[in-house]
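Student: Okay, here's the structure, questions in a sec.
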Amino acid sequence: MNHTPMPDQGQLYIVATPIGNLKDITYRAVEILKIVDVVYAEDTRQTRKLLEHYGLKQKIISCHEHNESARVSEVQKYLGEGLSVALVSDAGTPLISDPGFRLVTDIKALGFRVTPIPGACALISALSVAGLPSDRFQFCGFLPSKSPNRKKIYEGIKSYTGTTIFYESVHRVLASIKDLNEVLGRDRQVVLAKELTKQYETVIHGSAIELLNWLEGNPDKIRGEYVLLIRGEVSGESSEENTVATTKLLTTLLAVLPLKQAVKTACEISGKKKNSLYELALGLKDEMKLGK
């Protein structure tokens with residue numbers, strides 16, 4: 001049953017915070033954090049740093065996966081007294097692979113207003129720079145910790161035609177990419193993004209085996225949490241249509257880019273094998289020379 005919030009009741013604000021760079025917070029988010037009576041945070045130490053950076057001294061109470069259910073009655077009491085409450089996570093938008101679902105669900109069921117204060121979100125930030133189709137995508141949270149369960153998930157997305165997005169930890173990213181290569185093969189285009197908005201922001205494009213080689217060749221750079229984006233299955237085009245489209249793409253790129261850069265860019269856009277595109281590009285380059 002839906003309840004209409006009473007005017008004299010407080011509000012629960014779901015406030016997005018920066019995912020790295022502290023400047024990536026909205027004016028509205030700062031204003032809300034300034035006026036609320038209490039802030040519930042996944043990690044009080046992390047949130048204290050953020051508030052201090054903006055000169056705020058609100059009361060902070062922990063709210064994480066182990067105590068979230070117990071916090072509902074506290075928040076209800078604050079809101080019932082006409083006080084306002086903010087919920088924040090360590091970074092990004094609360095509830096997106098972070099605590100808050102139980103709290104929001106129960107508070108809404110009790111008839112209180114829950115208001116979003118939008119802002120940074122790692123999966124959306126990664127998708128915006130990945131160079132993968134963004135008109136249709138699915139977010140599946142963190143991958144399972146065990147290989148058989150991960151492979152089952154990968155099997156389940158084989159035929160999905162949109163982009164699939166996962167979060168992955170630094171401790172499992174190598175094993176996850178190995179499983180991905182085994183299940184989806186060498187042809188599927190993959191993107192890894194890490195340290196987004198930070199000094200060592202990195203976005204890596206390629207096949208699963210290419211990403212695996214990069215990770216194994218740069219063990220000192222395997223830090224932070226990752227966003228893993230997987231291009232969907234490419235279907236619906238005939239072989240002839242596919243070849244014509246690829247040829248047109250390469251011809252356009254070769255007119256303005258060196259051969260290797262044109263092939264790399266075409267791979268990123270089309271998701272096709274580098275070797276096959278390279279051979280096609282060599283032929284087109286020769287044709288373009290003869291045509292001059």
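By convention here, the chains of the structure tokens are called A, B, ... in the order presented, each chain's residues are numbered starting at 1, and ligands are numbered starting at 1 in the order presented.
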Looking only at the backbone, which of the residues in region 77-283 of chain A does DSSP tag as strand (DSSP E or B), as JSON, numbers by chain?

Tutor: {"A": [85, 86, 87, 88, 92, 113, 114, 115, 116, 117, 137, 138, 139, 140, 141, 142, 163, 164, 165, 166, 167, 168, 189, 190, 191, 192, 193, 194, 202, 203, 204, 205, 206, 207, 226, 227, 228, 229, 230]}

Student: Neighbours of region 266-274 of chain A within 8 Å (only C-alpha atoms; same-chain residues fewer than 6 positions away dropped), as a PyMOL selection string?

Tutor: chain A and resi 131-132+187-189+205-206+231+246+249-250+253

Student: Of the residues A:Ile25, A:Gly10, A:Asp37, A:Val15, which is the one nearest to Glu81 (chain A), using only C-alpha atoms?

Tutor: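 Of A:Ile25, A:Gly10, A:Asp37, A:Val15, the one nearest Glu81 (chain A), counting only C-alpha atoms, is A:Gly10.
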
Student: For Ser73 (chain A), which residue among A:Val263, A:Ala91, A:Arg102, A:Ile124 is the nearest when counting only C-alpha atoms?

Tutor: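 That would be A:Arg102, the residue with the smallest distance to Ser73 (chain A).
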
Student: Please provide as a list in words all residues within 12 Å of Phe101 (chain A), with the sequence filter that same-chain residues fewer than 2 positions apart are discarded (counting only C-alpha atoms).

Tutor: Ile14, Cys63, His64, Glu65, Glu68, Ser69, Val72, Leu87, Ser89, Thr93, Pro94, Leu95, Ile96, Ser97, Asp98, Pro99, Leu103, Val104, Thr105, Asp106, Ile107, Lys108 and Val114 of chain A

Student: Do you have the CA of Leu143 (chain A)-CA of His66 (chain A) distance handy?

Tutor: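 Computing it gives 20.3 Å between the two atoms.
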